[in-house]
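Structure file coords.csv; described as CSV, C-alpha atoms.
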chain,number,residue,atom,x,y,z
D,1,MET,CA,0.0,0.0,0.0
D,2,SER,CA,1.4,3.4,-1.0
D,3,ASN,CA,2.4,6.1,1.5
D,4,ARG,CA,-0.7,8.1,0.5
D,5,TRP,CA,-2.9,5.5,2.1
D,6,SER,CA,-0.9,5.1,5.3
D,7,HIS,CA,-2.6,5.9,8.5
D,8,GLU,CA,-0.6,8.9,9.5
D,9,ALA,CA,-2.8,10.4,12.3
D,10,ASN,CA,-2.0,9.5,15.9
D,11,ILE,CA,-5.1,9.7,18.1
D,12,GLU,CA,-3.3,11.2,21.1
D,13,ASP,CA,-1.5,13.9,19.1
D,14,THR,CA,-4.7,14.7,17.3
D,15,SER,CA,-6.5,15.1,20.6
D,16,ILE,CA,-3.9,17.6,21.8
D,17,ARG,CA,-4.1,19.6,18.6
D,18,ALA,CA,-7.9,19.7,18.8
D,19,ALA,CA,-7.9,20.8,22.4
D,20,THR,CA,-5.7,23.8,21.6
D,21,SER,CA,-7.8,24.6,18.5
D,22,VAL,CA,-11.2,24.9,20.1
D,23,ASP,CA,-10.5,28.4,21.4
D,24,GLU,CA,-8.9,29.3,18.0
D,25,LYS,CA,-12.0,28.3,16.1
D,26,TYR,CA,-14.7,29.7,18.4
D,27,GLY,CA,-12.7,32.7,19.5
D,28,SER,CA,-12.4,33.8,15.8
D,29,ASP,CA,-16.2,33.7,15.2
D,30,VAL,CA,-16.5,37.3,16.6
D,31,ALA,CA,-14.7,39.9,14.4
D,32,THR,CA,-12.1,42.0,16.2
D,33,VAL,CA,-13.4,45.5,16.6
D,34,LEU,CA,-10.1,47.2,16.7
D,35,PRO,CA,-7.6,46.5,13.9
D,36,GLU,CA,-4.0,45.7,14.5
D,37,GLY,CA,-1.6,48.7,14.9
D,38,PRO,CA,-2.7,52.2,15.8
D,39,PRO,CA,-6.2,52.5,14.6
D,40,VAL,CA,-7.7,55.6,13.0
D,41,PRO,CA,-11.2,56.1,14.4
D,42,PRO,CA,-13.8,56.2,11.6
D,43,VAL,CA,-14.8,59.7,12.6
D,44,ALA,CA,-11.4,60.9,11.5
D,45,GLU,CA,-12.3,60.5,7.9
D,46,THR,CA,-15.4,62.6,8.3
D,47,LEU,CA,-13.4,65.3,10.1
D,48,ARG,CA,-10.8,65.4,7.3
D,49,TRP,CA,-13.4,66.0,4.7
D,50,VAL,CA,-15.0,68.7,7.0
D,51,VAL,CA,-11.6,70.4,6.9
D,52,ALA,CA,-11.3,70.0,3.2
D,53,GLY,CA,-14.8,71.3,2.6
D,54,PHE,CA,-14.2,74.4,4.6
D,55,ARG,CA,-10.9,74.9,2.8
D,56,VAL,CA,-12.7,74.9,-0.5
D,57,LEU,CA,-15.3,77.4,0.7
D,58,SER,CA,-12.5,79.6,2.0
D,59,TRP,CA,-10.8,79.4,-1.4
D,60,ILE,CA,-14.0,80.4,-3.2
D,61,TRP,CA,-14.2,83.4,-0.8
D,62,VAL,CA,-10.6,84.4,-1.7
D,63,LEU,CA,-11.6,84.3,-5.4
D,64,ILE,CA,-14.6,86.5,-4.7
D,65,TYR,CA,-12.6,89.1,-2.8
D,66,THR,CA,-9.8,89.3,-5.3
D,67,GLY,CA,-12.3,89.2,-8.2
D,68,LEU,CA,-14.0,92.3,-6.9
D,69,ILE,CA,-10.6,94.1,-7.0
D,70,PHE,CA,-9.9,92.9,-10.5
D,71,VAL,CA,-13.2,94.0,-12.0
D,72,ASP,CA,-13.0,97.4,-10.5
D,73,PRO,CA,-10.2,99.4,-12.1
D,74,ASP,CA,-10.4,102.0,-9.4
D,75,GLU,CA,-9.6,99.5,-6.7
D,76,PRO,CA,-6.0,99.8,-5.6
D,77,GLY,CA,-3.7,96.7,-5.4
D,78,HIS,CA,-0.8,95.3,-7.2
D,79,ARG,CA,-2.3,92.9,-9.7
D,80,GLY,CA,0.8,90.6,-9.9
D,81,ILE,CA,0.8,90.0,-6.1
D,82,LEU,CA,-2.9,89.4,-6.1
D,83,TRP,CA,-2.7,86.9,-8.9
D,84,SER,CA,0.1,85.2,-7.1
D,85,ALA,CA,-2.0,85.0,-3.9
D,86,VAL,CA,-4.9,83.5,-5.9
D,87,ALA,CA,-2.6,80.9,-7.6
D,88,ILE,CA,-1.1,79.9,-4.2
D,89,ALA,CA,-4.5,79.5,-2.7
D,90,THR,CA,-5.7,77.4,-5.6
D,91,ILE,CA,-2.7,75.1,-5.6
D,92,TRP,CA,-2.8,74.7,-1.8
D,93,THR,CA,-6.5,73.9,-1.9
D,94,ALA,CA,-5.8,71.1,-4.3
D,95,VAL,CA,-3.0,69.9,-2.0
D,96,THR,CA,-5.4,70.0,0.9
D,97,LEU,CA,-7.9,67.8,-1.0
D,98,TRP,CA,-5.1,65.4,-1.7
D,99,ALA,CA,-4.0,65.3,1.9
D,100,ALA,CA,-7.5,64.8,3.1
D,101,ARG,CA,-7.5,61.3,1.6
D,102,SER,CA,-5.2,60.1,4.3
D,103,ASP,CA,-4.7,60.7,8.0
D,104,GLU,CA,-1.0,60.3,7.6
D,105,ARG,CA,-0.8,63.0,4.9
D,106,MET,CA,-2.5,65.6,7.0
D,107,ARG,CA,-0.2,64.9,9.9
D,108,ARG,CA,3.0,65.2,7.9
D,109,PRO,CA,5.2,68.1,9.1
D,110,TRP,CA,5.7,69.6,5.6
D,111,PHE,CA,1.9,69.9,5.2
D,112,LEU,CA,1.4,71.5,8.6
D,113,VAL,CA,4.3,74.0,8.1
D,114,GLY,CA,3.2,74.8,4.6
D,115,ASP,CA,-0.4,75.3,5.7
D,116,THR,CA,0.7,77.7,8.4
D,117,LEU,CA,2.9,79.7,6.2
D,118,ILE,CA,0.3,80.1,3.5
D,119,ALA,CA,-2.4,81.1,6.0
D,120,LEU,CA,-0.1,83.9,7.3
D,121,SER,CA,1.2,84.9,3.9
D,122,LEU,CA,-2.3,85.4,2.4
D,123,GLY,CA,-2.9,88.0,5.1
D,124,ALA,CA,0.4,89.7,4.4
D,125,ALA,CA,-0.4,89.7,0.6
D,126,SER,CA,-3.0,92.4,1.1
D,127,VAL,CA,-0.4,94.8,2.6
D,128,LEU,CA,2.2,93.9,0.0
D,129,ALA,CA,-0.2,94.5,-2.8
D,130,GLY,CA,-1.4,97.7,-1.4
D,131,ALA,CA,-5.0,96.5,-1.6
D,132,ALA,CA,-7.8,98.5,0.0
D,133,ASP,CA,-9.1,95.5,1.8
D,134,LEU,CA,-7.9,92.2,3.2
D,135,ILE,CA,-8.1,89.4,0.6
D,136,GLN,CA,-7.5,86.4,3.0
D,137,ALA,CA,-11.3,86.1,3.5
D,138,SER,CA,-11.9,83.0,5.8
D,139,TRP,CA,-8.7,81.2,4.9
D,140,PRO,CA,-7.2,81.7,8.4
D,141,ASN,CA,-10.3,80.0,9.9
D,142,SER,CA,-9.7,77.0,7.6
D,143,TRP,CA,-6.2,76.8,9.0
D,144,LEU,CA,-7.7,76.6,12.5
D,145,PHE,CA,-9.7,73.6,11.3
D,146,VAL,CA,-6.5,71.9,10.2
D,147,VAL,CA,-4.9,72.6,13.6
D,148,ALA,CA,-8.0,71.3,15.4
D,149,TYR,CA,-7.9,68.1,13.4
D,150,VAL,CA,-4.2,67.4,13.8
D,151,PHE,CA,-3.8,68.6,17.5
D,152,ASN,CA,-6.5,69.6,20.0
D,153,LEU,CA,-8.4,72.6,21.5
D,154,ARG,CA,-5.3,74.0,23.3
D,155,TRP,CA,-3.2,74.2,20.1
D,156,THR,CA,-6.1,75.6,18.2
D,157,LEU,CA,-6.5,78.4,20.7
D,158,LEU,CA,-2.8,79.1,20.4
D,159,ALA,CA,-3.1,79.3,16.6
D,160,ALA,CA,-6.0,81.7,17.0
D,161,LEU,CA,-3.8,84.0,19.1
D,162,VAL,CA,-1.1,83.9,16.4
D,163,LEU,CA,-3.8,85.0,13.8
D,164,ILE,CA,-4.9,87.8,16.1
D,165,VAL,CA,-1.3,89.0,16.6
D,166,GLU,CA,-0.9,89.1,12.8
D,167,ASN,CA,-4.3,90.6,11.9
D,168,VAL,CA,-4.4,93.5,14.4
D,169,PRO,CA,-1.4,95.2,12.7
D,170,LEU,CA,-2.9,94.4,9.3
D,171,HIS,CA,-6.1,96.2,10.3
D,172,LEU,CA,-4.2,99.2,11.6
D,173,LEU,CA,-2.1,99.4,8.4
D,174,HIS,CA,-5.2,99.4,6.3
D,175,GLY,CA,-6.8,102.0,8.5
D,176,PHE,CA,-9.7,99.9,9.5
D,177,GLU,CA,-12.0,101.2,12.3
D,178,LEU,CA,-11.5,100.0,15.8
D,179,ARG,CA,-14.8,98.0,15.7
D,180,ARG,CA,-13.6,96.1,12.7
D,181,THR,CA,-10.3,95.4,14.3
D,182,ALA,CA,-12.0,94.1,17.4
D,183,GLY,CA,-13.7,91.6,15.1
D,184,THR,CA,-10.6,89.5,15.1
D,185,TYR,CA,-12.1,87.8,18.1
D,186,GLN,CA,-13.8,85.6,15.5
D,187,PHE,CA,-10.6,83.6,15.4
D,188,LEU,CA,-11.0,82.7,19.0
D,189,LEU,CA,-14.6,81.8,18.3
D,190,PHE,CA,-13.7,79.5,15.5
D,191,ALA,CA,-10.9,78.0,17.5
D,192,VAL,CA,-13.2,77.1,20.4
D,193,LEU,CA,-15.9,75.8,18.0
D,194,ALA,CA,-13.5,73.6,15.9
D,195,GLY,CA,-11.2,72.5,18.7
D,196,TRP,CA,-14.1,71.6,21.1
D,197,ALA,CA,-16.2,69.9,18.4
D,198,PHE,CA,-13.2,67.8,17.0
D,199,ASP,CA,-12.0,66.8,20.5
D,200,THR,CA,-15.6,65.8,21.5
D,201,LEU,CA,-16.2,63.7,18.5
D,202,ARG,CA,-12.9,61.9,18.8
D,203,ASN,CA,-13.5,61.2,22.5
D,204,ARG,CA,-17.0,59.9,21.9
D,205,GLU,CA,-15.6,57.7,19.1
D,206,ALA,CA,-12.9,56.4,21.4
D,207,LEU,CA,-15.5,55.5,24.1
D,208,ARG,CA,-17.6,53.8,21.5
D,209,LEU,CA,-14.7,51.7,20.2
D,210,GLU,CA,-13.8,50.8,23.7
D,211,ALA,CA,-17.3,49.6,24.4
D,212,GLU,CA,-17.4,47.6,21.2
D,213,ALA,CA,-14.1,46.0,22.1
D,214,LYS,CA,-15.4,45.0,25.5
D,215,LEU,CA,-18.6,43.6,24.0
D,216,ALA,CA,-16.5,41.6,21.5
D,217,ASP,CA,-14.4,40.2,24.3
D,218,GLU,CA,-17.6,39.1,26.1
D,219,GLN,CA,-18.9,37.5,23.0
D,220,ARG,CA,-15.7,35.6,22.5
D,221,ALA,CA,-15.8,34.5,26.1
D,222,ASN,CA,-19.4,33.3,25.7
D,223,THR,CA,-18.7,31.5,22.5
D,224,ARG,CA,-15.7,29.7,24.1
D,225,TYR,CA,-17.9,28.7,27.0
D,226,GLU,CA,-20.6,27.4,24.8
D,227,ALA,CA,-18.1,25.4,22.8
D,228,ARG,CA,-16.7,23.8,26.0
D,229,VAL,CA,-20.2,23.0,27.2
D,230,GLU,CA,-20.9,21.3,24.0
D,231,LEU,CA,-17.7,19.3,24.2
D,232,ALA,CA,-18.4,18.4,27.8
D,233,ARG,CA,-21.9,17.2,26.8
D,234,ARG,CA,-20.5,15.0,24.1
D,235,LEU,CA,-17.9,13.5,26.4
D,236,HIS,CA,-20.6,12.7,28.9
D,237,ASP,CA,-23.3,11.5,26.6
D,238,SER,CA,-21.2,9.3,24.4
D,239,TYR,CA,-17.7,8.6,25.6
D,240,LEU,CA,-18.4,8.1,29.3
D,241,GLN,CA,-21.3,5.8,28.4
D,242,THR,CA,-19.1,3.8,26.1
D,243,LEU,CA,-16.6,3.4,28.8
D,244,VAL,CA,-19.3,2.1,31.1
D,245,SER,CA,-20.5,-0.3,28.4
D,246,THR,CA,-17.0,-1.5,27.8
D,247,ARG,CA,-16.4,-2.3,31.4
D,248,ALA,CA,-19.7,-4.2,31.5
D,249,ALA,CA,-18.6,-6.3,28.5
D,250,ALA,CA,-15.1,-6.9,29.7
D,251,ASP,CA,-15.4,-10.7,29.1
D,252,ASP,CA,-16.6,-10.3,25.5
D,253,ALA,CA,-13.5,-9.5,23.4
D,254,ASN,CA,-15.5,-8.9,20.2
D,255,ARG,CA,-17.9,-6.6,22.0
D,256,VAL,CA,-15.1,-4.6,23.6
D,257,ARG,CA,-13.3,-4.3,20.3
D,258,TYR,CA,-16.5,-3.1,18.6
D,259,LEU,CA,-17.2,-0.5,21.3
D,260,THR,CA,-13.7,0.9,21.4
D,261,ARG,CA,-13.4,1.0,17.6
D,262,ARG,CA,-16.7,2.9,17.4
D,263,GLN,CA,-15.7,5.3,20.1
D,264,GLU,CA,-12.4,5.9,18.4
D,265,ARG,CA,-14.2,6.9,15.2
D,266,GLU,CA,-16.6,9.2,17.0
D,267,LEU,CA,-13.7,10.8,18.9
D,268,ARG,CA,-11.8,11.4,15.7
D,269,ARG,CA,-14.9,13.0,14.2
D,270,THR,CA,-15.5,15.2,17.2
D,271,ILE,CA,-11.9,16.3,17.1
D,272,ALA,CA,-12.1,17.1,13.4
D,273,GLU,CA,-15.3,19.1,14.0
D,274,PHE,CA,-14.1,21.1,16.9
D,275,GLY,CA,-10.6,21.6,15.5
D,276,SER,CA,-11.8,22.8,12.1
D,277,PRO,CA,-11.7,26.6,11.3
D,278,PHE,CA,-14.9,26.1,9.2
D,279,GLU,CA,-18.4,26.4,10.5
D,280,LYS,CA,-19.4,23.3,8.6
D,281,SER,CA,-16.4,21.0,8.2
D,282,PHE,CA,-16.1,18.9,5.1
D,283,LYS,CA,-13.6,16.6,6.9
D,284,ALA,CA,-16.0,16.0,9.8
D,285,ALA,CA,-18.9,15.3,7.4
D,286,LEU,CA,-16.8,12.8,5.4
D,287,MET,CA,-15.9,11.0,8.6
D,288,ARG,CA,-19.6,10.9,9.6
D,289,CYS,CA,-20.4,9.3,6.2
D,290,ARG,CA,-17.7,6.7,6.9
D,291,ASP,CA,-19.1,6.0,10.4
D,292,GLU,CA,-22.6,5.5,9.0
D,293,VAL,CA,-21.4,2.9,6.6
D,294,VAL,CA,-19.4,1.1,9.3
D,295,GLU,CA,-22.3,1.1,11.7
D,296,LEU,CA,-24.4,-0.6,9.0
D,297,TYR,CA,-21.6,-3.2,8.4
D,298,PRO,CA,-19.7,-3.5,11.7
D,299,THR,CA,-17.6,-6.5,10.4
D,300,HIS,CA,-15.8,-4.2,8.0
D,301,GLU,CA,-13.2,-1.5,8.6
D,302,ILE,CA,-12.8,1.7,6.7
D,303,ASP,CA,-9.4,3.3,7.3
D,304,GLU,CA,-9.4,7.0,6.5
D,305,VAL,CA,-6.7,9.6,5.7
D,306,ILE,CA,-8.2,13.0,5.2
D,307,ARG,CA,-5.6,15.6,4.6
D,308,ASP,CA,-7.5,18.8,3.9
D,309,ASP,CA,-10.6,20.5,5.1
D,310,ALA,CA,-13.0,23.1,3.6
D,311,GLU,CA,-16.3,24.8,4.2
D,312,LEU,CA,-19.1,22.4,3.3
D,313,THR,CA,-20.8,23.5,0.1
D,314,PRO,CA,-23.6,22.0,-2.0
D,315,ALA,CA,-20.9,20.6,-4.4
D,316,LEU,CA,-19.0,19.0,-1.6
D,317,GLU,CA,-22.3,17.6,-0.2
D,318,ALA,CA,-22.8,15.9,-3.5
D,319,GLY,CA,-19.3,14.5,-3.3
D,320,LEU,CA,-19.9,13.2,0.2
D,321,ALA,CA,-23.1,11.4,-1.0
D,322,ALA,CA,-21.2,9.9,-3.8
D,323,ALA,CA,-18.3,8.8,-1.5
D,324,ARG,CA,-20.9,7.2,0.9
D,325,GLU,CA,-22.4,5.3,-2.0
D,326,ALA,CA,-18.9,4.1,-3.1
D,327,MET,CA,-18.1,3.0,0.4
D,328,LEU,CA,-21.4,1.1,0.7
D,329,ASN,CA,-20.6,-0.7,-2.6
D,330,ALA,CA,-17.1,-1.6,-1.5
D,331,VAL,CA,-18.2,-3.2,1.8
D,332,LYS,CA,-21.2,-4.9,0.2
D,333,HIS,CA,-19.7,-6.3,-3.0
D,334,SER,CA,-15.9,-6.3,-2.8
D,335,GLY,CA,-15.4,-9.1,-0.4
D,336,ALA,CA,-12.6,-7.2,1.3
D,337,ALA,CA,-12.6,-6.7,5.1
D,338,THR,CA,-10.9,-3.3,4.9
D,339,VAL,CA,-11.7,-0.3,2.7
D,340,ASP,CA,-9.4,2.7,2.3
D,341,LEU,CA,-10.7,6.2,2.2
D,342,TYR,CA,-8.4,9.0,1.2
D,343,SER,CA,-9.1,12.7,0.5
D,344,GLU,CA,-7.1,15.8,-0.3
D,345,LYS,CA,-7.5,19.2,-2.0
D,346,GLU,CA,-6.0,19.6,-5.4
D,347,ALA,CA,-6.1,23.1,-6.9
D,348,ASP,CA,-9.7,24.2,-6.6
D,349,ALA,CA,-11.2,20.8,-6.2
D,350,MET,CA,-11.5,18.2,-3.4
D,351,VAL,CA,-10.7,14.7,-4.4
D,352,ILE,CA,-12.1,11.6,-2.6
D,353,HIS,CA,-10.7,8.2,-3.2
D,354,VAL,CA,-12.5,5.0,-2.1
D,355,ARG,CA,-10.4,1.8,-2.7
D,356,ASP,CA,-10.8,-1.8,-1.8
D,357,ARG,CA,-8.6,-4.8,-2.6
D,358,GLY,CA,-11.5,-7.1,-3.2
D,359,VAL,CA,-12.7,-9.1,-6.2
D,360,GLY,CA,-13.1,-6.2,-8.6
D,361,PHE,CA,-15.2,-6.7,-11.7
D,362,ASP,CA,-15.1,-6.5,-15.5
D,363,GLN,CA,-16.7,-3.2,-16.5
D,364,GLU,CA,-17.6,-4.3,-20.0
D,365,ALA,CA,-19.3,-7.5,-18.8
D,366,VAL,CA,-21.0,-6.1,-15.7
D,367,GLY,CA,-21.7,-2.5,-16.8
D,368,THR,CA,-21.7,0.6,-14.7
D,369,ARG,CA,-25.3,1.7,-14.9
D,370,GLY,CA,-25.8,1.6,-11.2
D,371,LEU,CA,-22.6,3.6,-10.5
D,372,SER,CA,-23.7,6.2,-13.1
D,373,LEU,CA,-27.1,6.8,-11.4
D,374,SER,CA,-25.9,6.9,-7.8
D,375,ILE,CA,-22.4,8.4,-8.1
D,376,VAL,CA,-21.4,9.8,-11.5
D,377,GLU,CA,-24.5,11.8,-12.5
D,378,PRO,CA,-25.0,13.6,-9.1
D,379,VAL,CA,-21.3,14.6,-9.1
D,380,GLU,CA,-21.3,15.8,-12.7
D,381,LYS,CA,-24.4,18.0,-12.0
D,382,VAL,CA,-22.3,20.1,-9.6
D,383,GLY,CA,-19.4,20.4,-12.1
D,384,GLY,CA,-17.3,17.4,-10.8
D,385,ASP,CA,-16.2,14.2,-12.3
D,386,VAL,CA,-15.7,10.5,-11.3
D,387,SER,CA,-13.2,8.0,-12.5
D,388,LEU,CA,-13.3,4.2,-11.9
D,389,GLU,CA,-10.4,1.8,-12.0
D,390,THR,CA,-11.2,-1.9,-11.5
D,391,ALA,CA,-10.4,-5.3,-12.9
D,392,PRO,CA,-11.3,-8.9,-11.8
D,393,GLY,CA,-9.1,-9.8,-8.8
D,394,GLU,CA,-7.5,-6.4,-8.5
D,395,GLY,CA,-10.0,-4.5,-6.4
D,396,THR,CA,-11.7,-1.2,-7.2
D,397,GLU,CA,-10.9,2.4,-6.8
D,398,VAL,CA,-13.4,5.2,-7.2
D,399,ALA,CA,-12.0,8.8,-7.5
D,400,ILE,CA,-14.5,11.6,-7.0
D,401,ARG,CA,-13.5,15.1,-7.8
D,402,VAL,CA,-15.8,18.1,-6.9
D,403,PRO,CA,-15.1,21.8,-7.0
D,404,VAL,CA,-14.6,23.4,-3.6
D,405,ASP,CA,-16.2,26.9,-4.2
D,406,VAL,CA,-19.4,25.9,-5.8

Rewrite the structure from the file as structure tokens, please.
Amino acid sequence: MSNRWSHEANIEDTSIRAATSVDEKYGSDVATVLPEGPPVPPVAETLRWVVAGFRVLSWIWVLIYTGLIFVDPDEPGHRGILWSAVAIATIWTAVTLWAARSDERMRRPWFLVGDTLIALSLGAASVLAGAADLIQASWPNSWLFVVAYVFNLRWTLLAALVLIVENVPLHLLHGFELRRTAGTYQFLLFAVLAGWAFDTLRNREALRLEAEAKLADEQRANTRYEARVELARRLHDSYLQTLVSTRAAADDANRVRYLTRRQERELRRTIAEFGSPFEKSFKAALMRCRDEVVELYPTHEIDEVIRDDAELTPALEAGLAAAREAMLNAVKHSGAATVDLYSEKEADAMVIHVRDRGVGFDQEAVGTRGLSLSIVEPVEKVGGDVSLETAPGEGTEVAIRVPVDV
């Protein structure tokens, strides 16, 4: 018998692996709320686009202010400097929209320094151009939004003070009235509004994520507990009762052998089910089909080697039904006391081999109509195929191939 058919699984080692994999399977059923690494709260993306949106509105305001100067030939102001200010505002608005696509971009030092310099330079442009009015419009407030996003309320208030220190001299140089100069308090108002709102939203988001993480931990704990309860129930209802029955039949060697062999099969199936990462395990289902056949014919043995597992799909269910039929045919007609069951995944298909070293048969003389109806046709309907190798005195091997993802 080839190595492929060798019985490579040791029951004790398999039990240990399954015991350690119960938590892995049932602990992963609940999605982790917080991703690996430093997470960016979902509210951050919204805040970035609030910043970008206000920047666009400020840019439009700058265009309107400078446009009024351009259309009125009597308005003073150096046109070259004003055009340069408009160009800088336009380019940096585009840069802001690009930076708003990523939290990392908006926090880069070059962007923060550049945003600060442009916010201050747009205010100075009015003086340099000799314009009769300030052309910065609401651009400084959009800078406060950037500071509020990247830092916090304290830094936003500090930025507002910087704007006040710059704008009070600008107002005096332009000869604005005192009441208009006093209006620079708007920067403090915007700083309080943006800084407080951004900090509050981030704090609320952090509290929500923390609550969701705790809930996920509780759900994982409950799922592990339920898995252990289910495992304990099976141990009590099946394995413990079998041990009692084995002790009662201690003088009957055949009965003891039957009970221990049956319990070994059930234990292997339970280990495969609990140790599988899939909700519905193909491997456990195939072992269940094997056990059903052996229960019907207890004088026969079916030795399995099942290498791979997958989520049970309708195509795989059709393959399981065909494999069960092949095993039934083998134990009923082959005359062999032992049947070999082997399964592995090849590319995108699961292959199941059922082989016996029995009497075999002549396909041309006997025909394969029965096999076609019960095995071949159901498998072909789900996109699979079946191959049969047999000859008189050489046994029979049925290879069932079904797609995994159908």

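Taking atom CA of Trp110 of chain D and atom CA of Leu97 of chain D as the two end points, the separation is 15.2 Å.
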
Produce a table with one row for each residue of segment 157-235 of chain D that has an atom at most 12 Å from any atom of segment 119-143 of chain D, each row naming the nearest atom pair and its distance in Å at one decimal; use all atoms listed in the file; arrange rows by chain and rising residue number; format as a Markdown table.
| residue | atom | partner | partner_atom | distance |
| --- | --- | --- | --- | --- |
| D:Leu157 | CA | D:Asn141 | CA | 11.6 |
| D:Ala159 | CA | D:Trp143 | CA | 8.6 |
| D:Ala160 | CA | D:Asn141 | CA | 8.5 |
| D:Leu161 | CA | D:Pro140 | CA | 11.5 |
| D:Val162 | CA | D:Leu120 | CA | 9.2 |
| D:Leu163 | CA | D:Pro140 | CA | 7.2 |
| D:Ile164 | CA | D:Pro140 | CA | 10.1 |
| D:Val165 | CA | D:Leu120 | CA | 10.7 |
| D:Glu166 | CA | D:Leu120 | CA | 7.6 |
| D:Asn167 | CA | D:Gly123 | CA | 7.4 |
| D:Val168 | CA | D:Gly123 | CA | 10.9 |
| D:Pro169 | CA | D:Ala124 | CA | 10.1 |
| D:Leu170 | CA | D:Val127 | CA | 7.2 |
| D:His171 | CA | D:Leu134 | CA | 8.3 |
| D:Leu172 | CA | D:Val127 | CA | 10.7 |
| D:Leu173 | CA | D:Val127 | CA | 7.6 |
| D:His174 | CA | D:Ala132 | CA | 6.9 |
| D:Gly175 | CA | D:Ala132 | CA | 9.2 |
| D:Phe176 | CA | D:Asp133 | CA | 8.9 |
| D:Arg180 | CA | D:Leu134 | CA | 11.7 |
| D:Thr181 | CA | D:Leu134 | CA | 11.8 |
| D:Thr184 | CA | D:Pro140 | CA | 10.8 |
| D:Tyr185 | CA | D:Asn141 | CA | 11.5 |
| D:Gln186 | CA | D:Asn141 | CA | 8.7 |
| D:Phe187 | CA | D:Asn141 | CA | 6.6 |
| D:Leu188 | CA | D:Asn141 | CA | 9.5 |
| D:Leu189 | CA | D:Asn141 | CA | 9.6 |
| D:Phe190 | CA | D:Asn141 | CA | 6.6 |
| D:Ala191 | CA | D:Asn141 | CA | 7.9 |
| D:Val192 | CA | D:Asn141 | CA | 11.3 |
| D:Leu193 | CA | D:Asn141 | CA | 10.7 |
| D:Ala194 | CA | D:Asn141 | CA | 9.3 |
| D:Gly195 | CA | D:Asn141 | CA | 11.6 |

If you count only C-alpha atoms, which residues fall within 8 Å of segment 393-400 of chain D, apart from same-chain ones fewer than 2 positions away, as a VMD selection string?
chain D and resid 319 322 to 323 326 330 334 351 to 361 379 384 to 391 402

Residues near Leu328 of chain D, anyone? I mean within 12 Å using only C-alpha atoms, not counting same-chain ones fewer than 2 positions away, as a ChimeraX atom specification.
/D:289-297,300-302,321-326,330-335,339,341,354-356,371,374-375,398

Same residues, C-alpha atoms, output as a PDB file, in the frame of the given file:
ATOM      1  CA  CYS D 289     -20.400   9.300   6.200  1.00  0.00           C
ATOM      2  CA  ARG D 290     -17.700   6.700   6.900  1.00  0.00           C
ATOM      3  CA  ASP D 291     -19.100   6.000  10.400  1.00  0.00           C
ATOM      4  CA  GLU D 292     -22.600   5.500   9.000  1.00  0.00           C
ATOM      5  CA  VAL D 293     -21.400   2.900   6.600  1.00  0.00           C
ATOM      6  CA  VAL D 294     -19.400   1.100   9.300  1.00  0.00           C
ATOM      7  CA  GLU D 295     -22.300   1.100  11.700  1.00  0.00           C
ATOM      8  CA  LEU D 296     -24.400  -0.600   9.000  1.00  0.00           C
ATOM      9  CA  TYR D 297     -21.600  -3.200   8.400  1.00  0.00           C
ATOM     10  CA  HIS D 300     -15.800  -4.200   8.000  1.00  0.00           C
ATOM     11  CA  GLU D 301     -13.200  -1.500   8.600  1.00  0.00           C
ATOM     12  CA  ILE D 302     -12.800   1.700   6.700  1.00  0.00           C
ATOM     13  CA  ALA D 321     -23.100  11.400  -1.000  1.00  0.00           C
ATOM     14  CA  ALA D 322     -21.200   9.900  -3.800  1.00  0.00           C
ATOM     15  CA  ALA D 323     -18.300   8.800  -1.500  1.00  0.00           C
ATOM     16  CA  ARG D 324     -20.900   7.200   0.900  1.00  0.00           C
ATOM     17  CA  GLU D 325     -22.400   5.300  -2.000  1.00  0.00           C
ATOM     18  CA  ALA D 326     -18.900   4.100  -3.100  1.00  0.00           C
ATOM     19  CA  ALA D 330     -17.100  -1.600  -1.500  1.00  0.00           C
ATOM     20  CA  VAL D 331     -18.200  -3.200   1.800  1.00  0.00           C
ATOM     21  CA  LYS D 332     -21.200  -4.900   0.200  1.00  0.00           C
ATOM     22  CA  HIS D 333     -19.700  -6.300  -3.000  1.00  0.00           C
ATOM     23  CA  SER D 334     -15.900  -6.300  -2.800  1.00  0.00           C
ATOM     24  CA  GLY D 335     -15.400  -9.100  -0.400  1.00  0.00           C
ATOM     25  CA  VAL D 339     -11.700  -0.300   2.700  1.00  0.00           C
ATOM     26  CA  LEU D 341     -10.700   6.200   2.200  1.00  0.00           C
ATOM     27  CA  VAL D 354     -12.500   5.000  -2.100  1.00  0.00           C
ATOM     28  CA  ARG D 355     -10.400   1.800  -2.700  1.00  0.00           C
ATOM     29  CA  ASP D 356     -10.800  -1.800  -1.800  1.00  0.00           C
ATOM     30  CA  LEU D 371     -22.600   3.600 -10.500  1.00  0.00           C
ATOM     31  CA  SER D 374     -25.900   6.900  -7.800  1.00  0.00           C
ATOM     32  CA  ILE D 375     -22.400   8.400  -8.100  1.00  0.00           C
ATOM     33  CA  VAL D 398     -13.400   5.200  -7.200  1.00  0.00           C
TER      34      VAL D 398
END

Which of D:Glu45, D:Glu377, D:Glu304, D:Glu266 sits closest to Ala99 of chain D [using only C-alpha atoms]
D:Glu45

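Once Phe198 of chain D and its same-chain neighbours fewer than 4 positions away are set aside, D:Leu47, D:Ala148, D:Tyr149, D:Asn152, D:Ala194, D:Arg202 remain within 8 Å of it when counting all atoms listed in the file.
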
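If you look at atom CA of Val382 of chain D and atom CA of Met287 of chain D, they are 21.3 Å away from each other.
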
Identify which of the residues D:Gln263, D:Val404, D:Leu316, D:Pro298 lies closest to Pro378 of chain D, counting all atoms listed in the file when measuring atom-to-atom distances.
D:Leu316

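Closest approach to Ala285 of chain D among D:Gln363, D:Thr90, D:Thr270, D:Thr116 is made by D:Thr270 (distances from only C-alpha atoms).
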